[in-house]
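**Q** Got a file for you: coords_0.csv, CSV, C-alpha atoms and all ligand atoms.
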```csv
chain,number,residue,atom,x,y,z
A,1,MET,CA,8.8,-55.2,-2.1
A,2,ARG,CA,9.3,-54.4,1.6
A,3,PHE,CA,13.0,-54.8,1.9
A,4,GLY,CA,14.9,-56.2,-1.1
A,5,THR,CA,14.9,-53.1,-3.4
A,6,ASP,CA,16.0,-50.8,-0.6
A,7,ILE,CA,18.8,-53.2,0.5
A,8,LEU,CA,20.2,-53.4,-3.0
A,9,ARG,CA,20.1,-49.7,-3.5
A,10,GLN,CA,21.9,-49.1,-0.2
A,11,ALA,CA,24.5,-51.6,-1.2
A,12,ASP,CA,25.0,-49.6,-4.4
A,13,ILE,CA,25.5,-46.5,-2.3
A,14,LEU,CA,28.1,-48.2,-0.1
A,15,ALA,CA,29.9,-49.6,-3.1
A,16,ALA,CA,30.8,-46.0,-4.1
A,17,PHE,CA,33.0,-45.6,-1.0
A,18,THR,CA,35.9,-47.3,-2.7
A,19,GLU,CA,39.7,-46.8,-3.0
A,20,ASP,CA,39.7,-47.7,-6.7
A,21,PRO,CA,36.5,-46.8,-8.6
A,22,PRO,CA,34.7,-48.4,-10.3
A,23,GLY,CA,35.9,-51.4,-8.4
A,24,VAL,CA,35.0,-51.9,-4.8
A,25,THR,CA,38.1,-51.9,-2.4
A,26,ARG,CA,37.5,-50.7,1.1
A,27,SER,CA,40.2,-51.3,3.6
A,28,TYR,CA,40.2,-50.9,7.4
A,29,LEU,CA,40.7,-47.4,8.8
A,30,THR,CA,40.8,-45.6,5.5
A,31,PRO,CA,38.7,-42.6,4.5
A,32,GLN,CA,36.4,-45.0,2.6
A,33,HIS,CA,35.9,-47.0,5.8
A,34,ARG,CA,34.9,-43.7,7.5
A,35,ARG,CA,32.4,-42.8,4.8
A,36,ALA,CA,30.8,-46.2,4.7
A,37,GLY,CA,30.7,-46.3,8.5
A,38,ASP,CA,29.0,-42.8,8.6
A,39,CYS,CA,26.5,-43.9,6.0
A,40,ILE,CA,25.7,-47.1,7.9
A,41,ALA,CA,25.4,-45.2,11.2
A,42,ALA,CA,23.0,-42.8,9.5
A,43,LEU,CA,20.9,-45.8,8.2
A,44,MET,CA,20.8,-47.3,11.7
A,45,ARG,CA,19.6,-44.0,13.3
A,46,GLU,CA,17.0,-43.5,10.7
A,47,ALA,CA,15.8,-47.1,11.3
A,48,GLY,CA,15.3,-46.3,15.0
A,49,MET,CA,18.7,-47.3,16.6
A,50,ASP,CA,21.4,-45.6,18.5
A,51,ALA,CA,24.6,-45.9,16.6
A,52,SER,CA,28.3,-45.0,17.3
A,53,TYR,CA,31.8,-46.0,16.5
A,54,ASP,CA,33.7,-48.1,19.0
A,55,ALA,CA,37.4,-47.9,19.9
A,56,LEU,CA,38.4,-50.1,16.9
A,57,GLY,CA,36.3,-48.3,14.2
A,58,ASN,CA,33.3,-50.8,14.3
A,59,VAL,CA,29.9,-49.1,14.0
A,60,VAL,CA,27.6,-50.5,16.7
A,61,GLY,CA,23.8,-49.9,16.4
A,62,ARG,CA,21.5,-50.8,19.2
A,63,TYR,CA,17.7,-51.3,19.3
A,64,ALA,CA,16.7,-51.3,22.9
A,65,ALA,CA,14.5,-54.1,24.3
A,66,ASP,CA,11.0,-53.9,25.6
A,67,ARG,CA,12.4,-53.9,29.1
A,68,SER,CA,15.5,-52.9,30.9
A,69,GLY,CA,18.1,-55.5,31.9
A,70,ALA,CA,17.1,-57.7,29.0
A,71,PRO,CA,19.7,-60.0,27.4
A,72,VAL,CA,21.5,-59.0,24.2
A,73,VAL,CA,21.2,-60.6,20.7
A,74,MET,CA,23.9,-59.6,18.3
A,75,THR,CA,24.2,-59.6,14.6
A,76,GLY,CA,26.4,-57.9,12.1
A,77,SER,CA,28.9,-58.4,9.4
A,78,HIS,CA,31.9,-56.5,7.9
A,79,MET,CA,32.0,-53.3,6.0
A,80,ASP,CA,35.6,-53.8,4.7
A,81,SER,CA,36.3,-55.7,1.5
A,82,VAL,CA,39.0,-57.5,-0.4
A,83,ARG,CA,40.6,-55.8,-3.3
A,84,ASN,CA,38.3,-55.4,-6.3
A,85,ALA,CA,35.4,-57.0,-4.4
A,86,GLY,CA,31.7,-57.4,-5.0
A,87,ARG,CA,29.2,-55.2,-3.2
A,88,TYR,CA,27.3,-57.6,-1.1
A,89,ASP,CA,29.9,-59.6,0.8
A,90,GLY,CA,29.6,-58.4,4.4
A,91,VAL,CA,27.5,-55.4,3.6
A,92,PHE,CA,24.4,-57.5,3.0
A,93,GLY,CA,24.5,-58.8,6.6
A,94,ILE,CA,24.5,-55.3,8.0
A,95,LEU,CA,21.8,-53.9,5.7
A,96,THR,CA,19.4,-56.8,6.2
A,97,ALA,CA,19.5,-56.4,9.9
A,98,ILE,CA,18.9,-52.7,9.7
A,99,ALA,CA,15.9,-53.4,7.5
A,100,CYS,CA,14.5,-55.7,10.1
A,101,VAL,CA,14.9,-53.0,12.8
A,102,ARG,CA,13.3,-50.3,10.5
A,103,ASP,CA,10.3,-52.6,10.1
A,104,LEU,CA,10.0,-53.3,13.8
A,105,HIS,CA,10.4,-49.7,14.7
A,106,ARG,CA,7.8,-48.6,12.2
A,107,ARG,CA,5.3,-51.0,13.8
A,108,GLY,CA,6.3,-49.9,17.3
A,109,ARG,CA,7.5,-53.4,18.1
A,110,ARG,CA,10.2,-54.0,20.7
A,111,LEU,CA,11.9,-57.3,21.2
A,112,PRO,CA,12.5,-59.2,24.5
A,113,PHE,CA,16.2,-58.5,24.0
A,114,ASP,CA,18.5,-55.6,23.1
A,115,PHE,CA,19.3,-56.1,19.5
A,116,GLU,CA,22.8,-55.0,18.4
A,117,VAL,CA,23.8,-54.6,14.8
A,118,VAL,CA,27.6,-54.3,14.3
A,119,ALA,CA,29.3,-53.2,11.1
A,120,PHE,CA,32.8,-54.6,11.7
A,121,GLY,CA,35.6,-52.4,10.4
A,122,ASP,CA,37.9,-55.3,9.5
A,123,GLU,CA,37.1,-58.9,8.6
A,124,GLU,CA,39.1,-59.5,5.5
A,125,GLY,CA,42.5,-58.5,6.9
A,126,VAL,CA,43.6,-56.9,3.7
A,127,ARG,CA,45.4,-53.9,5.2
A,128,PHE,CA,47.3,-55.3,8.2
A,129,GLY,CA,47.4,-59.0,7.3
A,130,VAL,CA,45.3,-59.9,10.4
A,131,THR,CA,41.7,-61.0,9.8
A,132,LEU,CA,38.6,-60.4,11.9
A,133,ILE,CA,40.2,-57.6,14.0
A,134,GLY,CA,36.9,-56.0,15.0
A,135,SER,CA,35.0,-59.2,15.8
A,136,LYS,CA,38.0,-60.8,17.6
A,137,ALA,CA,38.0,-57.9,20.0
A,138,MET,CA,34.4,-58.6,20.9
A,139,GLY,CA,35.0,-62.4,21.0
A,140,GLY,CA,37.8,-61.9,23.5
A,141,SER,CA,40.6,-63.1,21.2
A,142,PHE,CA,42.3,-59.8,20.2
A,143,ASP,CA,46.0,-60.0,20.4
A,144,PRO,CA,47.6,-56.6,21.4
A,145,ALA,CA,50.7,-57.6,19.3
A,146,TRP,CA,48.6,-56.8,16.3
A,147,LEU,CA,48.8,-53.1,17.1
A,148,ASP,CA,52.4,-53.2,15.8
A,149,ALA,CA,51.4,-54.9,12.5
A,150,LYS,CA,52.2,-52.6,9.6
A,151,ASP,CA,50.4,-52.0,6.3
A,152,ALA,CA,52.2,-51.8,3.0
A,153,GLY,CA,53.1,-48.2,3.6
A,154,GLY,CA,54.7,-48.9,7.0
A,155,THR,CA,51.8,-47.5,9.1
A,156,THR,CA,51.1,-49.5,12.2
A,157,LEU,CA,47.6,-50.5,13.3
A,158,ARG,CA,48.1,-48.4,16.4
A,159,GLU,CA,48.9,-45.3,14.3
A,160,ALA,CA,46.0,-45.9,11.9
A,161,LEU,CA,43.6,-46.3,14.8
A,162,ILE,CA,44.7,-43.0,16.3
A,163,ALA,CA,44.5,-41.2,13.0
A,164,PHE,CA,40.9,-42.6,12.6
A,165,GLY,CA,39.9,-41.3,16.0
A,166,GLY,CA,39.8,-44.7,17.6
A,167,ASP,CA,41.6,-45.9,20.7
A,168,PRO,CA,44.4,-48.5,20.4
A,169,ASP,CA,44.0,-49.5,24.0
A,170,GLY,CA,40.2,-49.6,23.9
A,171,TRP,CA,40.0,-53.2,22.6
A,172,ARG,CA,39.8,-54.6,26.2
A,173,ALA,CA,36.5,-52.9,26.8
A,174,LEU,CA,35.0,-54.4,23.7
A,175,ASP,CA,35.2,-58.0,25.0
A,176,ARG,CA,31.6,-59.2,25.2
A,177,ARG,CA,32.2,-62.4,27.2
A,178,GLY,CA,30.1,-62.5,30.3
A,179,LYS,CA,28.1,-59.4,29.2
A,180,GLY,CA,24.7,-60.9,28.7
A,181,VAL,CA,24.9,-61.7,25.0
A,182,VAL,CA,22.8,-64.8,24.4
A,183,ALA,CA,23.1,-65.3,20.6
A,184,TYR,CA,25.0,-64.0,17.6
A,185,VAL,CA,23.2,-64.6,14.3
A,186,GLU,CA,24.7,-63.4,11.0
A,187,SER,CA,23.3,-63.2,7.5
A,188,HIS,CA,25.8,-63.4,4.6
A,189,ILE,CA,25.8,-64.2,0.9
A,190,GLU,CA,26.9,-67.8,0.4
A,191,GLN,CA,30.0,-67.0,-1.7
A,192,GLY,CA,29.6,-70.4,-3.5
A,193,PRO,CA,27.2,-72.1,-5.9
A,194,VAL,CA,25.3,-74.6,-3.7
A,195,LEU,CA,22.1,-72.7,-3.2
A,196,LEU,CA,22.2,-71.4,-6.7
A,197,ASP,CA,22.5,-74.9,-8.2
A,198,GLU,CA,19.7,-76.2,-6.0
A,199,GLY,CA,17.4,-73.2,-6.8
A,200,LEU,CA,17.1,-72.1,-3.2
A,201,PRO,CA,17.2,-68.5,-1.9
A,202,VAL,CA,18.5,-69.2,1.6
A,203,GLY,CA,20.2,-71.9,3.6
A,204,VAL,CA,21.0,-72.5,7.3
A,205,VAL,CA,24.7,-72.8,8.1
A,206,THR,CA,25.8,-75.9,10.1
A,207,ALA,CA,29.5,-74.9,10.8
A,208,ILE,CA,32.1,-72.4,9.7
A,209,ALA,CA,35.2,-74.1,8.3
A,210,SER,CA,38.5,-73.9,10.2
A,211,GLY,CA,41.4,-72.4,8.5
A,212,ALA,CA,45.2,-72.5,8.6
A,213,ARG,CA,47.6,-70.3,6.7
A,214,MET,CA,51.2,-71.3,6.0
A,215,ARG,CA,54.1,-69.4,4.6
A,216,VAL,CA,56.7,-71.4,2.7
A,217,GLU,CA,60.2,-70.3,1.8
A,218,VAL,CA,62.2,-72.2,-0.7
A,219,THR,CA,65.9,-71.5,-1.1
A,220,GLY,CA,67.9,-72.6,-4.0
A,221,LEU,CA,70.9,-71.1,-5.9
A,222,ALA,CA,70.7,-68.4,-8.5
A,223,GLY,CA,72.7,-69.0,-11.7
A,224,HIS,CA,73.0,-67.9,-15.3
A,225,ALA,CA,70.0,-69.2,-17.3
A,226,GLY,CA,72.4,-69.9,-20.2
A,227,THR,CA,75.4,-71.6,-18.6
A,228,VAL,CA,74.2,-73.8,-15.7
A,229,PRO,CA,73.3,-77.3,-17.1
A,230,MET,CA,69.8,-78.6,-16.3
A,231,GLY,CA,71.1,-81.4,-14.1
A,232,ALA,CA,73.3,-79.0,-12.0
A,233,ARG,CA,70.5,-76.5,-11.0
A,234,GLN,CA,69.0,-75.7,-7.6
A,235,ASP,CA,66.0,-74.0,-9.0
A,236,ALA,CA,63.8,-72.8,-6.2
A,237,LEU,CA,60.8,-72.1,-8.5
A,238,ALA,CA,60.8,-75.5,-10.1
A,239,ALA,CA,60.9,-77.1,-6.6
A,240,ALA,CA,58.1,-74.7,-5.5
A,241,ALA,CA,56.0,-75.7,-8.5
A,242,GLU,CA,56.2,-79.3,-7.4
A,243,MET,CA,55.1,-78.3,-3.9
A,244,VAL,CA,52.1,-76.4,-5.2
A,245,LEU,CA,51.0,-79.5,-7.0
A,246,ALA,CA,51.5,-81.5,-3.8
A,247,VAL,CA,49.1,-79.1,-2.0
A,248,GLU,CA,46.5,-79.6,-4.7
A,249,ARG,CA,46.9,-83.4,-4.6
A,250,ILE,CA,46.8,-83.7,-0.8
A,251,ALA,CA,43.7,-81.3,-0.5
A,252,SER,CA,42.0,-83.4,-3.2
A,253,ALA,CA,42.5,-86.7,-1.5
A,254,PRO,CA,39.2,-87.8,0.2
A,255,GLY,CA,39.5,-87.0,3.9
A,256,ALA,CA,38.7,-89.3,6.8
A,257,GLY,CA,35.0,-89.5,7.3
A,258,GLY,CA,34.4,-87.8,4.0
A,259,SER,CA,35.3,-84.4,5.5
A,260,ALA,CA,35.6,-81.7,2.8
A,261,LEU,CA,39.0,-80.0,2.7
A,262,VAL,CA,40.3,-77.4,0.4
A,263,GLY,CA,43.9,-76.1,-0.1
A,264,THR,CA,45.0,-73.1,-2.1
A,265,VAL,CA,48.4,-71.6,-3.0
A,266,GLY,CA,47.2,-68.0,-3.5
A,267,THR,CA,50.5,-66.1,-3.7
A,268,ILE,CA,53.9,-67.0,-5.0
A,269,GLU,CA,57.0,-64.8,-5.5
A,270,ALA,CA,60.3,-65.7,-7.1
A,271,ARG,CA,63.5,-63.8,-6.7
A,272,PRO,CA,65.6,-62.3,-8.2
A,273,GLY,CA,62.8,-62.4,-10.7
A,274,ALA,CA,64.7,-62.0,-14.0
A,275,ILE,CA,64.0,-63.8,-17.2
A,276,ASN,CA,67.7,-64.9,-17.6
A,277,VAL,CA,68.4,-65.9,-13.9
A,278,ILE,CA,67.6,-69.3,-12.2
A,279,PRO,CA,65.3,-68.4,-9.3
A,280,GLN,CA,67.1,-68.6,-6.0
A,281,ASP,CA,64.4,-67.7,-3.4
A,282,VAL,CA,60.7,-68.4,-3.6
A,283,SER,CA,58.0,-67.6,-1.1
A,284,PHE,CA,54.5,-68.9,-1.4
A,285,THR,CA,51.4,-69.2,0.9
A,286,VAL,CA,49.1,-72.0,1.6
A,287,ASP,CA,45.5,-71.7,2.8
A,288,VAL,CA,43.9,-74.9,4.1
A,289,ARG,CA,40.3,-75.1,5.3
A,290,SER,CA,37.9,-77.7,6.6
A,291,GLY,CA,34.9,-78.0,8.8
A,292,ASP,CA,36.9,-80.6,10.7
A,293,ASP,CA,39.9,-79.4,12.7
A,294,VAL,CA,41.5,-82.8,12.9
A,295,ALA,CA,41.3,-83.4,9.1
A,296,ARG,CA,42.8,-79.9,8.5
A,297,ARG,CA,45.7,-80.4,10.9
A,298,ARG,CA,46.4,-83.8,9.4
A,299,ALA,CA,46.4,-82.4,5.8
A,300,THR,CA,48.7,-79.5,6.8
A,301,ALA,CA,51.2,-81.9,8.4
A,302,VAL,CA,51.1,-84.1,5.2
A,303,MET,CA,51.8,-81.0,3.1
A,304,ARG,CA,54.8,-80.1,5.2
A,305,ASP,CA,56.1,-83.6,5.0
A,306,ALA,CA,55.7,-83.5,1.2
A,307,PHE,CA,57.7,-80.2,1.0
A,308,GLY,CA,60.4,-81.8,3.1
A,309,ALA,CA,60.6,-84.7,0.7
A,310,ILE,CA,60.7,-82.6,-2.5
A,311,ALA,CA,63.4,-80.2,-1.3
A,312,PRO,CA,66.5,-82.5,-0.9
A,313,ARG,CA,65.7,-84.2,-4.2
A,314,ARG,CA,66.0,-80.8,-5.9
A,315,GLY,CA,68.9,-79.5,-3.9
A,316,VAL,CA,66.9,-76.7,-2.3
A,317,LYS,CA,66.1,-75.9,1.3
A,318,VAL,CA,62.5,-75.4,2.5
A,319,ALA,CA,61.1,-73.8,5.6
A,320,SER,CA,57.3,-73.7,6.4
A,321,ASP,CA,55.6,-71.8,9.1
A,322,VAL,CA,51.9,-72.0,10.0
A,323,PHE,CA,51.3,-68.4,11.0
A,324,TYR,CA,47.6,-68.4,11.4
A,325,GLU,CA,45.1,-70.9,12.7
A,326,LEU,CA,41.4,-70.6,13.4
A,327,PRO,CA,39.4,-73.6,14.7
A,328,ALA,CA,36.1,-74.6,13.0
A,329,ALA,CA,33.0,-73.0,14.6
A,330,PRO,CA,30.0,-75.2,14.8
A,331,CYS,CA,26.6,-73.4,14.7
A,332,ASP,CA,24.3,-73.9,17.6
A,333,ALA,CA,21.8,-76.7,17.0
A,334,SER,CA,18.8,-74.9,18.6
A,335,LEU,CA,19.5,-71.6,16.8
A,336,GLN,CA,19.8,-73.6,13.5
A,337,ASP,CA,16.4,-75.1,14.2
A,338,ALA,CA,14.9,-71.7,15.0
A,339,LEU,CA,16.3,-70.3,11.7
A,340,ALA,CA,15.1,-73.4,9.9
A,341,ALA,CA,11.6,-72.9,11.3
A,342,SER,CA,11.7,-69.3,10.0
A,343,VAL,CA,12.7,-70.5,6.6
A,344,ALA,CA,9.9,-73.1,6.6
A,345,ARG,CA,7.4,-70.4,7.5
A,346,GLN,CA,8.3,-68.6,4.3
A,347,GLY,CA,7.1,-71.7,2.5
A,348,LEU,CA,10.7,-72.7,1.6
A,349,PRO,CA,12.5,-76.0,1.8
A,350,VAL,CA,15.2,-76.0,4.5
A,351,ARG,CA,18.7,-76.6,3.2
A,352,ARG,CA,21.6,-76.9,5.7
A,353,LEU,CA,25.1,-76.4,4.5
A,354,PRO,CA,28.6,-75.7,5.9
A,355,SER,CA,30.5,-72.5,5.3
A,356,GLY,CA,33.8,-72.9,3.6
A,357,ALA,CA,34.6,-69.2,4.1
A,358,GLY,CA,35.4,-67.5,7.4
A,359,HIS,CA,33.0,-65.0,8.9
A,360,ASP,CA,32.8,-62.7,11.8
A,361,ALA,CA,30.4,-65.2,13.5
A,362,MET,CA,33.2,-67.7,13.9
A,363,VAL,CA,35.0,-65.8,16.7
A,364,PHE,CA,31.8,-65.5,18.8
A,365,PRO,CA,31.5,-69.0,20.4
A,366,PRO,CA,33.4,-67.9,23.5
A,367,VAL,CA,30.7,-65.2,23.9
A,368,CYS,CA,27.5,-67.0,23.0
A,369,PRO,CA,25.9,-69.6,20.6
A,370,ILE,CA,26.2,-68.6,17.0
A,371,ALA,CA,24.1,-69.2,13.8
A,372,MET,CA,24.2,-68.0,10.2
A,373,LEU,CA,21.8,-67.6,7.4
A,374,PHE,CA,23.2,-67.9,3.9
A,375,VAL,CA,21.7,-66.2,0.9
A,376,ARG,CA,22.1,-67.3,-2.7
A,377,CYS,CA,24.5,-65.4,-4.9
A,378,GLY,CA,24.1,-65.4,-8.6
A,379,ALA,CA,26.7,-65.6,-11.5
A,380,GLY,CA,27.8,-69.1,-10.6
A,381,GLY,CA,28.2,-68.3,-7.0
A,382,ILE,CA,31.2,-66.0,-7.6
A,383,SER,CA,32.3,-63.7,-4.8
A,384,HIS,CA,35.4,-61.6,-3.9
A,385,HIS,CA,34.9,-60.4,-7.4
A,386,PRO,CA,33.1,-57.5,-9.2
A,387,ASP,CA,30.7,-60.1,-10.8
A,388,GLU,CA,29.3,-61.0,-7.4
A,389,THR,CA,25.5,-60.6,-7.5
A,390,MET,CA,22.3,-61.1,-5.6
A,391,THR,CA,18.7,-60.4,-6.4
A,392,ALA,CA,16.3,-58.1,-4.7
A,393,ALA,CA,13.9,-61.0,-4.4
A,394,ASP,CA,16.5,-63.1,-2.5
A,395,ALA,CA,17.3,-60.1,-0.2
A,396,GLU,CA,13.6,-59.8,0.4
A,397,VAL,CA,13.2,-63.5,1.4
A,398,ALA,CA,16.4,-63.5,3.6
A,399,THR,CA,15.2,-60.4,5.4
A,400,ALA,CA,11.8,-61.9,6.0
A,401,VAL,CA,13.4,-65.0,7.4
A,402,PHE,CA,15.6,-63.0,9.7
A,403,LEU,CA,12.7,-60.8,10.9
A,404,ASP,CA,10.6,-63.9,11.5
A,405,PHE,CA,13.4,-65.3,13.6
A,406,LEU,CA,13.8,-62.1,15.6
A,407,GLU,CA,10.1,-62.0,16.3
A,408,THR,CA,9.6,-65.6,17.3
A,409,TRP,CA,12.9,-66.7,19.0
A,410,THR,CA,12.8,-66.5,22.8
A,411,PRO,CA,16.1,-66.0,24.5
A,412,PRO,CA,16.9,-68.6,27.1
A,413,ASN,CA,16.7,-66.3,30.1
A,414,ALA,CA,14.3,-63.6,28.7
A,415,ASP,CA,11.6,-64.5,31.3
A,416,ASP,CA,14.0,-64.1,34.3
A,417,ALA,CA,15.4,-60.8,33.0
B,501,ZN,ZN,32.2,-61.6,4.2
```
Reformat the file's structure so that it appears as structure tokens.
**A**
Amino acid sequence: MRFGTDILRQADILAAFTEDPPGVTRSYLTPQHRRAGDCIAALMREAGMDASYDALGNVVGRYAADRSGAPVVMTGSHMDSVRNAGRYDGVFGILTAIACVRDLHRRGRRLPFDFEVVAFGDEEGVRFGVTLIGSKAMGGSFDPAWLDAKDAGGTTLREALIAFGGDPDGWRALDRRGKGVVAYVESHIEQGPVLLDEGLPVGVVTAIASGARMRVEVTGLAGHAGTVPMGARQDALAAAAEMVLAVERIASAPGAGGSALVGTVGTIEARPGAINVIPQDVSFTVDVRSGDDVARRRATAVMRDAFGAIAPRRGVKVASDVFYELPAAPCDASLQDALAASVARQGLPVRRLPSGAGHDAMVFPPVCPIAMLFVRCGAGGISHHPDETMTAADAEVATAVFLDFLETWTPPNADDA
């Protein structure tokens, strides 16, 4: 096998850089981030690239074009993880690209574009509650207010960047808009069961779903669990429970035009949180995603209306706040076709599918056209979980597809460069 075995072995090595062994937890700007980044930079250099950290702790590898002044093609994925993650989410997209460069370099083959491989320091947003920090800086959508965001220990992003050796004010220079980048193409495990169920190793992504995140606060009245009659209660948790079911019902309703929509209440907290006290304050979060921005906005509004109808009936107050919104990112049609042709040249059927999860690629449309290649994950398609798996054979096929794409795709202005 040319690539697959090595990629899985390298993923195992990176999995050891974790905050809670044997699980994989690697947050932004931690010593584990540093060790993973150093390891990735070493792999990049050994493959024939220049590699260094940028101001935000991303590792950027560059394989120079066959000429000077050539356009730039970017790829990459994230090296951070959720808590208790699998070992391929993010990491695979970095390692497969490095494997392509290693092969090109070994053959002495240069491309008609500078090829940049980025290992993003933060995509999942676990530490500071802001996702895609590294890629947003490159996509031109970094918000300097995030520098004051704090982690659970009270450390700000600004302080953590300085401690890491980064530069909190360096984000401006990372903006790649207008800098000759002609495509961003990311490989990633599917994180779902579609390819697995259809017996296919890879698929071409059509669009990355949009997402909205909402925080909901329900305020009732605490009381003695033994003395307040059932009819006289203002139980914030019972009201919140009804709201959670409303989210499920609204997200399950068929959307206009058959657009798929998903809604999830992932966290809920009740206070004071005692077995013998009626809950007074409840906070929960709602995550709503769709490939269709209009459908997602409509569903979010319907959910907020439902909360507003449930609250007075139960004698509680509710406030909801959409604190994060990211529009859907369609993948470029011609890049999709080029990836599809590379899939077909491996003798495989071409399956196109949307991405329900967010990825670094989704913030690059202001820079350049984007595309994504999905790779099958095993174990029922599970991800963000230690049971996440992929096979060496699939890593092999996906890398062969990506390498074929790199060697056959012609950037739009390569001939004028
Ligand atoms: Zn990922």
**Q** Compare A:Arg172, A:Arg351, A:Arg26, A:His359 by their minimum atom-to-atom distance to A:Tyr184, counting all atoms listed in the file, and give me the closest one.
**A** A:His359
**Q** Taking a cut-off of 8 Å and counting all atoms listed in the file, can you build a table that, for each residue of chain A near ligand ZN 501 (chain B), reports the nearest atom pair and how far apart they are in Å (one decimal), sorted by chain then residue number, as a Markdown table?
**A**
```
| residue | atom | partner | partner_atom | distance |
| --- | --- | --- | --- | --- |
| A:Ser77 | CA | B:ZN501 | ZN | 6.9 |
| A:His78 | CA | B:ZN501 | ZN | 6.3 |
| A:Ser81 | CA | B:ZN501 | ZN | 7.7 |
| A:Asp89 | CA | B:ZN501 | ZN | 4.6 |
| A:Gly90 | CA | B:ZN501 | ZN | 4.1 |
| A:Val91 | CA | B:ZN501 | ZN | 7.8 |
| A:Glu123 | CA | B:ZN501 | ZN | 7.1 |
| A:Glu124 | CA | B:ZN501 | ZN | 7.3 |
| A:His188 | CA | B:ZN501 | ZN | 6.7 |
| A:Ile189 | CA | B:ZN501 | ZN | 7.7 |
| A:Ala357 | CA | B:ZN501 | ZN | 8.0 |
| A:Gly358 | CA | B:ZN501 | ZN | 7.4 |
| A:His359 | CA | B:ZN501 | ZN | 5.9 |
| A:Asp360 | CA | B:ZN501 | ZN | 7.7 |
```
**Q** Compare A:Gly263, A:Val205, A:Pro312, A:Arg297 by their minimum atom-to-atom distance to A:Asp337, counting only C-alpha atoms, and give me the closest one.
**A** A:Val205
**Q** Counting all atoms listed in the file, which residues have an atom no more than 10 Å from (26.4, -60.9, 7.4) in the file's coordinates? Please list them as a PyMOL selection string.
**A** chain A and resi 75-79+88-97+118-120+185-190+359-361+372-375
**Q** Determine, counting only C-alpha atoms, which protein, DNA and RNA residues have an atom within 10 Å of an atom of A:Ala149; residues of the same chain fewer than 2 positions away are not included. Present the result as an MDAnalysis selection string.
**A** chainID A and resid 127:130 144:147 151 154:158
**Q** May I ask for the distance between atom CA of A:Arg9 and atom CA of A:Ser135, given in Å to one decimal place?
**A**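 Atom-to-atom, atom CA of A:Arg9 and atom CA of A:Ser135 are spaced 26.2 Å apart.
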**Q** At a cut-off of 8 Å, using only C-alpha atoms, what residues contact A:Ala392? Leave out same-chain residues fewer than 4 positions from it and give the result as a list in words.
**A**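 Here the qualifying residues turn out to be Gly4, Thr5, Ile7, Leu8 and Glu396 of chain A.
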**Q** Which one is closest to A:Ala41: A:Asp332, A:Glu248, A:Asp305, A:Asp54? Count only C-alpha atoms.
**A** A:Asp54
**Q** Nearest to A:Thr300: which of A:Arg177, A:His384, A:Arg215, A:Arg102 is it, counting all atoms listed in the file?
**A**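 Answer, going by the shortest atom-to-atom distance: A:Arg215.
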**Q** Pick the closest to A:Leu353 from A:Met74, A:Ile40, A:Ala238, A:Ile208: which is it, counting all atoms listed in the file?
**A**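 Smallest separation from A:Leu353 among the options: A:Ile208.
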